[in-house]
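The file work-v1.cif comes next; it holds mmCIF, C-alpha atoms.
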```cif
data_upload
loop_
_atom_site.label_atom_id
_atom_site.label_comp_id
_atom_site.auth_asym_id
_atom_site.auth_seq_id
_atom_site.Cartn_x
_atom_site.Cartn_y
_atom_site.Cartn_z
CA MET A 79 -41.40 -3.15 148.42
CA ILE A 80 -45.15 -3.12 149.24
CA ASP A 81 -44.45 -0.68 152.09
CA PHE A 82 -42.57 1.52 149.70
CA LEU A 83 -45.38 1.51 147.12
CA SER A 84 -48.03 2.29 149.73
CA LEU A 85 -45.84 5.08 151.07
CA ILE A 86 -45.57 6.53 147.56
CA ALA A 87 -49.37 6.33 147.14
CA GLY A 88 -49.89 8.14 150.46
CA VAL A 89 -47.32 10.83 149.79
CA LEU A 90 -48.59 11.36 146.23
CA LEU A 91 -52.17 11.74 147.44
CA VAL A 92 -51.21 14.20 150.17
CA LEU A 93 -49.08 16.28 147.78
CA MET A 94 -51.73 16.30 145.08
CA LEU A 95 -54.48 17.38 147.46
CA MET A 96 -52.25 20.03 149.01
CA ALA A 97 -51.66 21.39 145.50
CA VAL A 98 -55.43 21.31 144.88
CA ALA A 99 -56.00 23.20 148.14
CA THR A 100 -53.28 25.80 147.72
CA LYS A 101 -53.50 26.43 143.97
CA GLY A 102 -57.29 26.52 143.91
CA TRP A 103 -57.61 23.75 141.31
CA MET A 104 -61.11 22.34 140.93
CA GLY A 105 -62.44 25.59 142.33
CA SER A 106 -65.96 26.79 141.61
CA ARG A 107 -64.92 30.20 140.39
CA GLN A 108 -67.14 31.21 137.51
CA LEU A 109 -65.10 31.81 134.43
CA PRO A 110 -66.46 33.12 131.16
CA ASP A 111 -66.90 30.61 128.38
CA PRO A 112 -63.59 30.16 126.69
CA VAL A 113 -63.51 31.44 123.16
CA PRO A 114 -61.02 29.14 121.48
CA GLY A 115 -57.73 30.82 120.88
CA SER A 116 -58.73 34.14 122.37
CA SER A 117 -57.34 33.86 125.92
CA GLU A 118 -55.11 36.77 126.73
CA GLY A 119 -51.45 35.83 126.91
CA GLU A 120 -52.05 32.40 125.41
CA PRO A 121 -50.83 31.52 121.97
CA THR A 122 -53.47 31.22 119.29
CA GLU A 123 -51.33 29.60 116.65
CA PRO A 124 -47.88 28.07 116.43
CA CYS A 125 -44.95 30.11 115.24
CA PRO A 126 -44.44 29.99 111.49
CA LYS A 127 -42.17 27.14 110.40
CA GLU A 128 -39.62 29.55 108.89
CA PHE A 129 -39.30 31.35 112.22
CA VAL A 130 -38.67 28.15 114.17
CA SER A 131 -36.17 26.81 111.68
CA ARG A 132 -34.41 30.21 111.92
CA VAL A 133 -34.30 30.04 115.72
CA PHE A 134 -32.72 26.61 115.63
CA SER A 135 -30.68 26.94 112.45
CA ARG A 136 -26.89 26.99 112.37
CA GLY A 137 -26.77 29.66 109.65
CA ASP A 138 -26.99 32.66 111.97
CA TRP A 139 -24.65 31.00 114.46
CA GLU A 140 -22.02 30.43 111.76
CA PHE A 141 -22.31 34.06 110.72
CA VAL A 142 -21.82 35.30 114.29
CA HIS A 143 -19.02 32.79 114.85
CA GLY A 144 -17.34 34.17 111.73
CA LEU A 145 -17.17 37.63 113.37
CA LYS A 146 -14.63 36.17 115.85
CA SER A 147 -16.10 38.08 118.77
CA ARG A 148 -16.54 36.01 121.94
CA GLY A 149 -18.84 38.64 123.46
CA MET A 150 -21.07 38.61 120.41
CA GLU A 151 -21.22 34.82 120.45
CA ARG A 152 -22.25 34.81 124.10
CA LEU A 153 -24.91 37.44 123.49
CA PHE A 154 -26.22 35.50 120.48
CA GLU A 155 -26.41 32.24 122.46
CA HIS A 156 -28.15 33.98 125.34
CA GLU A 157 -30.76 35.69 123.16
CA ARG A 158 -31.39 32.64 120.99
CA LYS A 159 -31.86 30.48 124.06
CA LYS A 160 -34.49 32.89 125.38
CA VAL A 161 -36.38 32.92 122.07
CA ALA A 162 -36.22 29.12 121.84
CA LEU A 163 -37.59 28.72 125.36
CA VAL A 164 -40.47 31.08 124.58
CA TRP A 165 -41.28 28.94 121.55
CA VAL A 166 -41.26 25.74 123.65
CA ARG A 167 -43.55 27.35 126.22
CA GLN A 168 -45.87 28.47 123.45
CA THR A 169 -45.98 24.97 121.95
CA SER A 170 -46.66 23.49 125.38
CA ALA A 171 -49.50 25.97 125.92
CA LEU A 172 -51.04 24.95 122.58
CA VAL A 173 -50.95 21.33 123.65
CA ARG A 174 -52.60 22.17 126.99
CA ASN A 175 -55.32 24.16 125.19
CA ALA A 176 -56.01 21.17 122.97
CA ILE A 177 -56.30 18.91 126.04
CA ARG A 178 -58.70 21.34 127.68
CA GLU A 179 -60.92 21.59 124.65
CA HIS A 180 -61.01 17.89 124.04
CA ALA A 181 -61.80 17.22 127.72
CA ARG A 182 -64.57 19.84 127.70
CA ALA A 183 -66.30 18.03 124.85
CA ALA A 184 -65.64 14.54 126.19
CA ARG A 185 -66.77 15.02 129.79
CA GLN A 186 -70.45 15.49 128.87
CA SER A 187 -70.67 12.85 126.19
CA LYS A 188 -72.69 9.76 127.06
CA ASN A 189 -70.88 7.61 124.52
CA LEU A 190 -67.35 8.20 125.65
CA ASP A 191 -64.84 5.62 124.47
CA PHE A 192 -62.65 4.70 127.46
CA LEU A 193 -59.74 3.17 125.55
CA GLY A 194 -59.81 5.95 122.96
CA GLU A 195 -59.65 8.55 125.73
CA ILE A 196 -56.74 6.76 127.41
CA SER A 197 -54.90 6.70 124.11
CA ILE A 198 -55.53 10.42 123.52
CA LEU A 199 -54.41 11.32 127.04
CA ALA A 200 -51.26 9.23 126.64
CA GLN A 201 -50.42 11.01 123.39
CA PHE A 202 -50.94 14.41 124.96
CA LEU A 203 -48.72 13.43 127.87
CA ILE A 204 -46.01 12.41 125.40
CA LEU A 205 -46.27 15.83 123.74
CA ILE A 206 -46.05 17.67 127.04
CA LEU A 207 -43.11 15.50 128.04
CA SER A 208 -41.42 16.20 124.69
CA CYS A 209 -41.73 19.92 125.36
CA ARG A 210 -40.27 19.49 128.85
CA VAL A 211 -37.36 17.46 127.53
CA LEU A 212 -36.78 19.98 124.76
CA SER A 213 -36.81 22.81 127.28
CA ILE A 214 -34.20 21.05 129.45
CA ALA A 215 -32.12 20.27 126.38
CA ILE A 216 -32.20 23.94 125.30
CA HIS A 217 -31.09 24.95 128.79
CA ILE A 218 -28.22 22.48 128.68
CA ALA A 219 -27.09 22.46 125.05
CA GLY A 220 -28.59 25.62 123.57
CA PRO A 221 -30.96 25.84 120.60
CA VAL A 222 -28.43 25.74 117.79
CA ARG A 223 -27.34 22.18 118.56
CA LEU A 224 -30.95 21.05 118.76
CA SER A 225 -32.27 21.93 115.36
CA GLY A 226 -33.22 18.33 114.45
CA LEU A 227 -35.07 17.79 117.70
CA ALA A 228 -36.78 21.16 117.45
CA GLN A 229 -38.05 20.50 113.94
CA PHE A 230 -39.49 17.27 115.27
CA ALA A 231 -41.23 19.04 118.14
CA GLN A 232 -42.52 21.73 115.79
CA ARG A 233 -44.12 19.12 113.57
CA LEU A 234 -45.75 17.61 116.63
CA SER A 235 -47.14 20.97 117.69
CA GLN A 236 -48.56 21.57 114.21
CA GLN A 237 -50.31 18.22 114.44
CA VAL A 238 -51.83 19.43 117.71
CA ASP A 239 -52.84 22.65 116.03
CA ARG A 240 -54.63 20.77 113.29
CA LEU A 241 -56.55 18.85 115.92
CA GLN A 242 -57.37 22.08 117.68
CA GLU A 243 -58.67 23.63 114.47
CA SER A 244 -60.94 20.67 113.92
CA LEU A 245 -62.25 21.07 117.47
CA HIS A 246 -62.82 24.75 116.91
CA GLY A 247 -64.72 24.20 113.70
CA GLY A 248 -68.06 24.96 115.27
CA VAL A 249 -68.15 21.56 116.91
CA LEU A 250 -67.83 22.76 120.48
CA ALA A 251 -69.82 25.98 120.30
CA GLY A 252 -72.25 26.18 123.16
CA ALA A 253 -71.39 22.75 124.54
CA SER A 254 -69.20 23.93 127.37
CA GLY A 255 -69.14 26.39 130.24
CA THR A 256 -70.65 26.41 133.69
CA ARG A 257 -73.00 28.47 135.73
CA ALA A 258 -73.95 28.47 139.37
CA THR A 259 -77.36 27.13 140.26
CA MET B 88 -52.56 12.42 178.22
CA LEU B 89 -51.93 13.44 174.59
CA GLY B 90 -54.06 10.50 173.48
CA GLN B 91 -56.97 11.67 175.67
CA LEU B 92 -56.62 15.22 174.34
CA ILE B 93 -56.80 13.96 170.73
CA TRP B 94 -59.77 11.80 171.64
CA TRP B 95 -61.83 14.54 173.29
CA SER B 96 -60.99 17.19 170.70
CA SER B 97 -62.04 14.78 167.93
CA ILE B 98 -65.41 14.22 169.58
CA ALA B 99 -65.93 17.96 170.11
CA LEU B 100 -65.09 18.75 166.47
CA GLU B 101 -67.28 15.93 165.16
CA MET B 102 -70.24 17.14 167.20
CA ALA B 103 -69.73 20.72 166.03
CA LEU B 104 -69.52 19.53 162.41
CA LEU B 105 -72.67 17.45 162.68
CA ALA B 106 -74.63 20.17 164.49
CA ARG B 107 -73.56 22.74 161.92
CA GLY B 108 -74.46 20.33 159.08
CA LEU B 109 -77.96 19.92 160.45
CA GLN B 110 -78.31 23.65 160.99
CA ASN B 111 -77.26 24.68 157.46
CA ARG B 112 -79.03 21.61 156.00
CA LEU B 113 -75.87 20.35 154.30
CA ALA B 114 -76.52 17.05 156.10
CA PHE B 115 -79.46 16.51 153.74
CA ARG B 116 -77.41 17.35 150.65
CA LEU B 117 -74.48 15.09 151.57
CA PRO B 118 -76.25 12.36 153.57
CA VAL B 119 -73.52 9.71 153.30
CA PHE B 120 -70.82 12.06 154.54
CA TYR B 121 -72.84 13.21 157.54
CA SER B 122 -73.85 9.61 158.32
CA TYR B 123 -70.14 8.85 158.37
CA ILE B 124 -69.55 11.67 160.86
CA ALA B 125 -72.44 10.42 163.02
CA PHE B 126 -70.95 6.93 162.90
CA VAL B 127 -67.53 8.24 163.97
CA ILE B 128 -69.09 10.01 166.97
CA PHE B 129 -70.78 6.76 167.96
CA GLN B 130 -67.51 4.89 167.38
CA ASP B 131 -65.53 7.31 169.57
CA LEU B 132 -68.04 7.07 172.41
CA VAL B 133 -68.10 3.25 172.26
CA ARG B 134 -64.31 3.10 172.20
CA LEU B 135 -63.99 5.59 175.05
CA SER B 136 -66.39 3.70 177.30
CA THR B 137 -64.76 0.35 176.45
CA PHE B 138 -61.34 1.83 177.15
CA GLN B 139 -62.43 3.04 180.57
CA TRP B 140 -64.64 0.20 181.76
CA LYS B 141 -63.88 -2.95 179.71
CA TYR B 142 -60.27 -2.62 178.63
CA ASP B 143 -59.90 -6.33 177.81
CA LEU B 144 -62.43 -5.85 174.98
CA TYR B 145 -60.87 -2.63 173.74
CA LYS B 146 -58.69 -4.04 170.95
CA ARG B 147 -61.54 -6.06 169.49
CA VAL B 148 -63.91 -3.08 169.63
CA PHE B 149 -61.23 -0.78 168.19
CA TRP B 150 -60.52 -2.89 165.12
CA SER B 151 -64.11 -3.86 164.36
CA THR B 152 -65.24 -0.21 164.47
CA GLU B 153 -62.15 0.84 162.54
CA PHE B 154 -63.02 -1.47 159.63
CA LEU B 155 -66.66 -0.46 159.73
CA GLY B 156 -65.55 3.20 159.56
CA LEU B 157 -63.30 2.35 156.62
CA ALA B 158 -66.23 0.76 154.78
CA ILE B 159 -68.51 3.77 155.40
CA GLY B 160 -65.61 6.05 154.41
CA SER B 161 -65.49 4.27 151.06
CA LEU B 162 -69.14 5.21 150.61
CA VAL B 163 -68.11 8.85 151.16
CA VAL B 164 -65.70 8.50 148.20
CA PHE B 165 -68.59 7.06 146.20
CA GLU B 166 -70.79 10.02 147.19
CA ILE B 167 -68.09 12.45 146.02
CA TYR B 168 -67.93 10.61 142.69
CA LYS B 169 -71.72 10.52 142.33
CA VAL B 170 -72.42 14.14 143.23
CA SER B 171 -69.52 15.70 141.36
CA LEU B 172 -69.97 13.77 138.12
CA ALA B 173 -73.77 13.69 138.00
CA ALA B 174 -73.82 16.22 135.17
CA TYR B 175 -70.81 14.80 133.34
CA PRO B 176 -71.66 11.33 132.00
CA GLY B 177 -68.48 11.10 129.93
CA ALA B 178 -66.20 11.85 132.88
CA ALA B 179 -68.31 9.55 135.07
CA ARG B 180 -67.78 6.72 132.63
CA MET B 181 -64.02 7.32 132.69
CA ALA B 182 -64.12 7.36 136.51
CA ARG B 183 -66.04 4.06 136.69
CA ASN B 184 -63.50 2.41 134.42
CA ALA B 185 -60.53 3.91 136.25
CA LEU B 186 -61.93 2.74 139.62
CA ALA B 187 -62.59 -0.72 138.18
CA VAL B 188 -58.94 -0.89 137.10
CA VAL B 189 -57.78 0.24 140.58
CA PHE B 190 -59.92 -2.37 142.34
CA LEU B 191 -58.91 -5.11 139.90
CA VAL B 192 -55.21 -4.37 140.47
CA ALA B 193 -55.82 -4.30 144.24
CA LEU B 194 -57.67 -7.60 144.10
CA VAL B 195 -54.95 -9.33 142.09
CA LYS B 196 -52.27 -7.92 144.39
CA GLY B 197 -54.22 -8.99 147.48
CA VAL B 198 -54.67 -12.53 146.18
CA LEU B 199 -50.96 -12.76 145.33
CA ASP B 200 -49.96 -11.43 148.75
CA VAL B 201 -52.22 -13.86 150.58
CA ALA B 202 -50.94 -16.75 148.47
CA GLY B 203 -47.34 -15.66 149.07
CA ALA B 204 -47.57 -15.24 152.85
CA ALA B 205 -50.50 -17.38 153.92
CA ALA B 206 -49.17 -18.16 157.38
CA GLY B 207 -46.83 -15.20 157.60
CA TRP B 208 -49.10 -12.80 159.44
CA GLN B 209 -49.28 -12.81 163.20
CA ALA B 210 -52.66 -12.12 164.73
CA SER B 211 -51.42 -8.99 166.54
CA ALA B 212 -49.94 -7.47 163.39
CA ALA B 213 -52.69 -8.55 160.97
CA ALA B 214 -55.27 -5.83 161.68
CA PRO B 215 -52.99 -2.78 161.08
CA GLU B 216 -51.57 -4.53 158.03
CA ILE B 217 -55.05 -5.16 156.60
CA GLU B 218 -56.03 -1.57 157.35
CA ARG B 219 -52.92 -0.32 155.59
CA VAL B 220 -53.67 -2.38 152.49
CA LEU B 221 -57.30 -1.21 152.40
CA ARG B 222 -56.28 2.41 152.95
CA VAL B 223 -53.81 2.12 150.04
CA VAL B 224 -56.67 0.95 147.82
CA GLN B 225 -58.75 3.92 149.01
CA ALA B 226 -55.80 6.26 148.38
CA ALA B 227 -55.34 4.87 144.86
CA ALA B 228 -59.06 5.27 144.14
CA ILE B 229 -59.06 8.89 145.38
CA LEU B 230 -55.87 9.61 143.40
CA ALA B 231 -57.50 8.26 140.22
CA LEU B 232 -60.62 10.35 140.85
CA VAL B 233 -58.69 13.55 141.56
CA ALA B 234 -56.58 13.04 138.42
CA LEU B 235 -59.79 12.63 136.41
CA PHE B 236 -61.39 15.70 137.97
CA LEU B 237 -58.31 17.70 136.99
CA VAL B 238 -58.01 16.30 133.45
CA TYR B 239 -61.69 16.90 132.69
CA SER B 240 -61.75 20.26 134.54
CA ILE B 241 -64.72 19.22 136.70
CA PRO B 242 -65.72 22.28 138.74
CA PHE B 243 -66.30 21.61 142.43
CA GLY B 244 -68.40 23.58 144.86
CA ARG B 245 -66.69 24.65 148.08
CA ASN B 246 -68.54 22.05 150.18
CA LEU B 247 -67.77 19.00 148.05
CA ARG B 248 -64.22 20.20 147.58
CA GLY B 249 -63.85 20.32 151.37
CA VAL B 250 -65.19 16.78 151.78
CA LEU B 251 -62.76 15.51 149.14
CA LEU B 252 -59.76 17.42 150.53
CA GLY B 253 -60.45 16.41 154.14
CA TYR B 254 -61.08 12.74 153.46
CA GLY B 255 -58.28 12.47 150.89
CA LEU B 256 -55.71 14.10 153.16
CA PHE B 257 -56.90 11.92 156.06
CA VAL B 258 -56.50 8.73 153.98
CA GLY B 259 -53.12 9.89 152.62
CA THR B 260 -51.70 10.63 156.06
CA ARG B 261 -53.18 7.37 157.42
CA VAL B 262 -51.34 5.43 154.69
CA ILE B 263 -48.07 7.21 155.51
CA CYS B 264 -48.51 6.70 159.27
CA LEU B 265 -49.53 3.05 158.94
CA THR B 266 -46.28 2.39 157.11
CA PHE B 267 -44.37 3.44 160.23
CA VAL B 268 -46.83 3.09 163.08
CA SER B 269 -46.41 0.57 165.83
CA LEU B 270 -49.45 0.23 168.03
CA GLN B 271 -47.31 -1.27 170.79
CA ASN B 272 -45.07 1.80 171.08
CA HIS B 273 -46.66 5.20 171.48
CA ASN B 274 -44.15 7.01 169.28
CA PHE B 275 -44.55 10.01 166.95
CA TRP B 276 -46.28 7.99 164.20
CA PHE B 277 -48.79 6.59 166.69
CA TYR B 278 -49.92 10.11 167.64
CA ALA B 279 -49.70 11.33 164.04
CA TYR B 280 -51.97 8.41 163.10
CA SER B 281 -54.54 9.51 165.68
CA ALA B 282 -54.16 13.24 165.05
CA SER B 283 -54.53 13.01 161.25
CA TYR B 284 -58.27 12.82 161.79
CA ILE B 285 -58.32 16.09 163.72
CA GLY B 286 -56.73 17.76 160.70
CA ALA B 287 -59.48 16.39 158.46
CA LEU B 288 -62.18 17.49 160.91
CA SER B 289 -60.83 21.04 161.10
CA LEU B 290 -60.74 21.23 157.32
CA TRP B 291 -64.31 19.97 157.06
CA LEU B 292 -65.52 22.43 159.65
CA GLY B 293 -64.02 25.29 157.64
CA TYR B 294 -65.26 24.16 154.23
CA LEU B 295 -68.71 23.02 155.38
CA TRP B 296 -69.53 25.92 157.67
CA SER B 297 -72.14 27.20 155.24
CA TYR B 298 -73.84 25.88 152.12
CA GLN B 299 -72.47 27.03 148.80
CA PRO B 300 -74.04 25.88 145.54
CA SER B 301 -72.05 23.69 143.21
CA PRO B 302 -71.51 24.93 139.67
CA GLN B 303 -73.63 23.12 137.09
CA PRO B 304 -72.94 22.84 133.38
CA ARG B 305 -75.11 24.68 130.92
CA ASN B 306 -77.85 22.66 129.24
CA PRO B 307 -76.00 20.02 127.29
CA ARG B 308 -76.81 19.97 123.62
CA ALA B 309 -78.74 16.97 122.40
CA ASP B 310 -76.34 16.37 119.52
CA LEU B 311 -73.32 16.27 121.81
CA ASP B 312 -72.78 12.54 121.34
CA ASP B 313 -72.56 12.88 117.57
CA GLU B 314 -70.12 15.71 118.09
CA TYR B 315 -68.03 13.62 120.44
CA ARG B 316 -67.88 10.89 117.82
CA LYS B 317 -66.66 13.45 115.28
CA ILE B 318 -64.08 14.76 117.70
CA ALA B 319 -62.91 11.26 118.60
CA ALA B 320 -62.62 10.32 114.92
CA GLU B 321 -60.66 13.49 114.20
CA THR B 322 -58.41 12.83 117.16
CA GLN B 323 -57.79 9.27 116.01
CA ARG B 324 -56.90 10.57 112.56
CA TRP B 325 -54.48 12.98 114.14
CA LEU B 326 -52.93 10.23 116.24
CA GLN B 327 -52.45 8.03 113.21
CA ALA B 328 -50.75 10.87 111.36
CA MET B 329 -48.51 11.45 114.35
CA ARG B 330 -47.62 7.77 114.63
CA GLY B 331 -46.57 7.81 110.99
CA TYR B 332 -44.51 10.92 111.58
CA LEU B 333 -42.86 9.37 114.65
CA ARG B 334 -41.93 6.28 112.66
CA LYS B 335 -40.46 8.43 109.90
CA THR B 336 -38.46 10.51 112.35
CA VAL B 337 -37.03 7.49 114.13
CA ARG B 338 -35.98 5.98 110.80
CA SER B 339 -34.38 9.15 109.48
#
```
Using C-alpha cells, write down the structure from this file.
Amino acid sequence: MIDFLSLIAGVLLVLMLMAVATKGWMGSRQLPDPVPGSSEGEPTEPCPKEFVSRVFSRGDWEFVHGLKSRGMERLFEHERKKVALVWVRQTSALVRNAIREHARAARQSKNLDFLGEISILAQFLILILSCRVLSIAIHIAGPVRLSGLAQFAQRLSQQVDRLQESLHGGVLAGASGTRAT
Amino acid sequence: MLGQLIWWSSIALEMALLARGLQNRLAFRLPVFYSYIAFVIFQDLVRLSTFQWKYDLYKRVFWSTEFLGLAIGSLVVFEIYKVSLAAYPGAARMARNALAVVFLVALVKGVLDVAGAAAGWQASAAAPEIERVLRVVQAAAILALVALFLVYSIPFGRNLRGVLLGYGLFVGTRVICLTFVSLQNHNFWFYAYSASYIGALSLWLGYLWSYQPSPQPRNPRADLDDEYRKIAAETQRWLQAMRGYLRKTVRS
C-alpha cells in the first residue's frame, strides 16, 4: 500500500512537471495586463437564463418529435448537443477566469487567510468538476434530458459571475501584472 | 561498464554545469543550487575513489553521502520557494502552510510505520527504504509547491524553472525507481535509478546556460491588504449563497 502511494506520488510529480515543461506553464512570457472580461475568445458574461432554459427545455424537442421525422429528430439532437456543450465550456471558462482573478489579488496580499483560501479553491474545484460532469452527461444523455441539472449548473455559474463582478468593481485595478526586471 | 559510463558522464556534466554557472554568474544568484552541484561533484569523486581503492567501505560511504545529498537537495527546494515567492507574500504564506501540512502528514505516517514495524527492517534493506520514504516526502512537497505556483499563476524565469523541472523530475523518477530497485541485482531499475540524475543534469545545463531575468510584479499597492479583505468577504458571501442554493437543490 505504501509502495503504491509512493509510486503514485512519483508518477504524479513526473507527469505534472512534464506538462509544465511541454505546455509552457509557469513561463516568464510577458503578457499584457488582463482587462477583466476583455480576453478575445473568452466569455465575458454567462448566457441569458432564457437561452439556457431554451437549450435544455423539452418544449422544442416535443415540437420536433411531433413532426414524426426521424432525420429531423437526429439533426435536432445533434445541434442541441453542440450548443449545450458550448454553453458548458463557456461556464467553465467563466469559473476559470474567476479563479485567476481571485488568485491574482490573493497572491500579493500579506494577510492571506489560509483556511479561507482552501475553502474558496475547493468550491471552485467543485464548480469545475460540475461542468465536467455536465459535459459528460450531455455527451451521454443529450441536453434535453438534463434540463434540471443544467438549470442547477447555470445558477452556479451566475453565482460565479456575481463574484467576478465584485472583483472587477475597481478592486483589482493596477494590483496585478508583471514586468521583467 | 554501463555503471562506469553513467558515473563519468555525470561528473563531466556536473563540472560543465558548475563552470558555466560561475562564468555566467548564476552561481551567485542561486547559491544553494550551485553548492548542491559542487557537493555532488565531491560526492561522486569520493565514491569513485572508495569504489576503486577501499571497496569494503563503499556501501557506508555511498549511503552517508546519499543522505547528505538528499538534505542539501531539500535546501534547493527551499531556495526555489524563497526566490520564486519573494514578491508574493500571499502565495508564500499558502506555500508555508501547505508544506507544513505535507511534513506533518509525513511525520505522523513515519511514526506510525516505525511503531508498526519496529524490528521489521533488515539492515541491508533499511537505507534504500529510508531514502524512498524521504524522497516521497520531497516529491509531495514539490507537488504541493508546483500546484500552488500554478493556482496563483506565479511567473517563473527560465533559470528557476529549469532548477525546479530538473530537481522535480529527478526526485519523481527516483521515487518510481526506488519502488522497484534492488541494489543487489543490477537490473533495469538499478540503471534507471542511476541515470535519472543524468537527465536532470542535461536539463539544468540547457536551462541554466545563460542568465535570464525573472519576471517581477509591478509595485504592489499599499492598500492591497484591505482589498484582499474585501475580496475575501465577498467570496465568503458568495460561498454562503451557494451553500444555501445547494441545500435547496438537494431538497427539491
Please write the residues picked by the PyMOL selection byres ((chain B and resi 277-288) around 10) on this file as a short mmCIF file (atom, residue, chain, number, x, y, z; two decimals) with C-alpha atoms, in the frame of the given file.
```
data_model
loop_
_atom_site.label_atom_id
_atom_site.label_comp_id
_atom_site.auth_asym_id
_atom_site.auth_seq_id
_atom_site.Cartn_x
_atom_site.Cartn_y
_atom_site.Cartn_z
CA LEU B 89 -51.93 13.44 174.59
CA GLY B 90 -54.06 10.50 173.48
CA LEU B 92 -56.62 15.22 174.34
CA ILE B 93 -56.80 13.96 170.73
CA TRP B 94 -59.77 11.80 171.64
CA SER B 96 -60.99 17.19 170.70
CA SER B 97 -62.04 14.78 167.93
CA ILE B 98 -65.41 14.22 169.58
CA ALA B 99 -65.93 17.96 170.11
CA LEU B 100 -65.09 18.75 166.47
CA GLU B 101 -67.28 15.93 165.16
CA ALA B 103 -69.73 20.72 166.03
CA LEU B 104 -69.52 19.53 162.41
CA ILE B 124 -69.55 11.67 160.86
CA GLY B 249 -63.85 20.32 151.37
CA VAL B 250 -65.19 16.78 151.78
CA LEU B 251 -62.76 15.51 149.14
CA LEU B 252 -59.76 17.42 150.53
CA GLY B 253 -60.45 16.41 154.14
CA TYR B 254 -61.08 12.74 153.46
CA GLY B 255 -58.28 12.47 150.89
CA LEU B 256 -55.71 14.10 153.16
CA PHE B 257 -56.90 11.92 156.06
CA VAL B 258 -56.50 8.73 153.98
CA GLY B 259 -53.12 9.89 152.62
CA THR B 260 -51.70 10.63 156.06
CA ARG B 261 -53.18 7.37 157.42
CA VAL B 262 -51.34 5.43 154.69
CA ILE B 263 -48.07 7.21 155.51
CA CYS B 264 -48.51 6.70 159.27
CA LEU B 265 -49.53 3.05 158.94
CA PHE B 267 -44.37 3.44 160.23
CA VAL B 268 -46.83 3.09 163.08
CA SER B 269 -46.41 0.57 165.83
CA LEU B 270 -49.45 0.23 168.03
CA GLN B 271 -47.31 -1.27 170.79
CA ASN B 272 -45.07 1.80 171.08
CA HIS B 273 -46.66 5.20 171.48
CA ASN B 274 -44.15 7.01 169.28
CA PHE B 275 -44.55 10.01 166.95
CA TRP B 276 -46.28 7.99 164.20
CA SER B 289 -60.83 21.04 161.10
CA LEU B 290 -60.74 21.23 157.32
CA TRP B 291 -64.31 19.97 157.06
CA LEU B 292 -65.52 22.43 159.65
CA GLY B 293 -64.02 25.29 157.64
CA TYR B 294 -65.26 24.16 154.23
#
```
Shell around segment 109-123 of chain B at 12 Å using only C-alpha atoms, local window under 3 positions removed, as a PyMOL selection string: chain B and resi 101-106+126-130+152+155-171+245-247+249-251+253-254+288+291-292+294-301
One-decimal distance in Å that lies between atom CA of Gln186 of chain A and atom CA of Tyr175 of chain B: 4.5 Å
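As for atom CA of Ala99 of chain A and atom CA of Thr169 of chain A, they are spaced 28.1 Å apart.
For the atom pair formed by atom CA of Val189 of chain B and atom CA of Ala228 of chain B, the distance is 6.3 Å, given to one decimal.
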Evaluated on this file, the PyMOL selection byres ((chain A and resi 205-211) around 9) picks out some residues - which ones are they, written as a PDB file with C-alpha atoms, in the frame of the given file?
```pdb
ATOM      1  CA  VAL A 166     -41.260  25.740 123.650  1.00  0.00           C
ATOM      2  CA  ARG A 167     -43.550  27.350 126.220  1.00  0.00           C
ATOM      3  CA  THR A 169     -45.980  24.970 121.950  1.00  0.00           C
ATOM      4  CA  SER A 170     -46.660  23.490 125.380  1.00  0.00           C
ATOM      5  CA  VAL A 173     -50.950  21.330 123.650  1.00  0.00           C
ATOM      6  CA  ARG A 174     -52.600  22.170 126.990  1.00  0.00           C
ATOM      7  CA  ALA A 200     -51.260   9.230 126.640  1.00  0.00           C
ATOM      8  CA  GLN A 201     -50.420  11.010 123.390  1.00  0.00           C
ATOM      9  CA  PHE A 202     -50.940  14.410 124.960  1.00  0.00           C
ATOM     10  CA  LEU A 203     -48.720  13.430 127.870  1.00  0.00           C
ATOM     11  CA  ILE A 204     -46.010  12.410 125.400  1.00  0.00           C
ATOM     12  CA  LEU A 212     -36.780  19.980 124.760  1.00  0.00           C
ATOM     13  CA  SER A 213     -36.810  22.810 127.280  1.00  0.00           C
ATOM     14  CA  ILE A 214     -34.200  21.050 129.450  1.00  0.00           C
ATOM     15  CA  ALA A 215     -32.120  20.270 126.380  1.00  0.00           C
ATOM     16  CA  ILE A 216     -32.200  23.940 125.300  1.00  0.00           C
ATOM     17  CA  ALA A 231     -41.230  19.040 118.140  1.00  0.00           C
ATOM     18  CA  LEU A 234     -45.750  17.610 116.630  1.00  0.00           C
ATOM     19  CA  SER A 235     -47.140  20.970 117.690  1.00  0.00           C
ATOM     20  CA  VAL A 238     -51.830  19.430 117.710  1.00  0.00           C
TER      21      VAL A 238
END
```
Test item: the PyMOL selection byres ((chain A and resi 150-164) around 8) resolved as a PyMOL selection string: chain A and resi 133-134+139+142-143+147-149+165-168+213+216-217+220-221
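Among the candidates A:Asn189, A:Gly144, A:Leu172, A:Thr100, the residue lying nearest to chain B is A:Asn189 (atoms considered: all atoms listed in the file).
For the set B:Arg248, B:Pro302, B:Tyr315, B:Val224, the residue with the smallest atom-to-atom gap to Ala87 of chain A is B:Val224, counting only C-alpha atoms.
Comparing A:Ala181, A:Ala176, A:Val98, A:Leu145 by their smallest distance to chain B, the closest is A:Ala181 (using all atoms listed in the file).
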Exercise: Ala185 of chain B partners within 9 Å, all atoms listed in the file, chain neighbours under 2 positions left out, as a PyMOL selection string: chain B and resi 180-183+187-190+228+231-232+235
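Using all atoms listed in the file, the nearest neighbour of chain B within the list A:Lys101, A:Arg185, A:Arg132, A:Arg233 is A:Arg185.
Nearest to chain A of all the residues B:Tyr145, B:Ala234, B:Pro176, B:Val195 is B:Pro176, based on only C-alpha atoms.
Each of B:Asp200, B:Asp131, B:Glu314, B:Asp143 was checked against chain A using all atoms listed in the file; the smallest atom-to-atom distance is that of B:Glu314.
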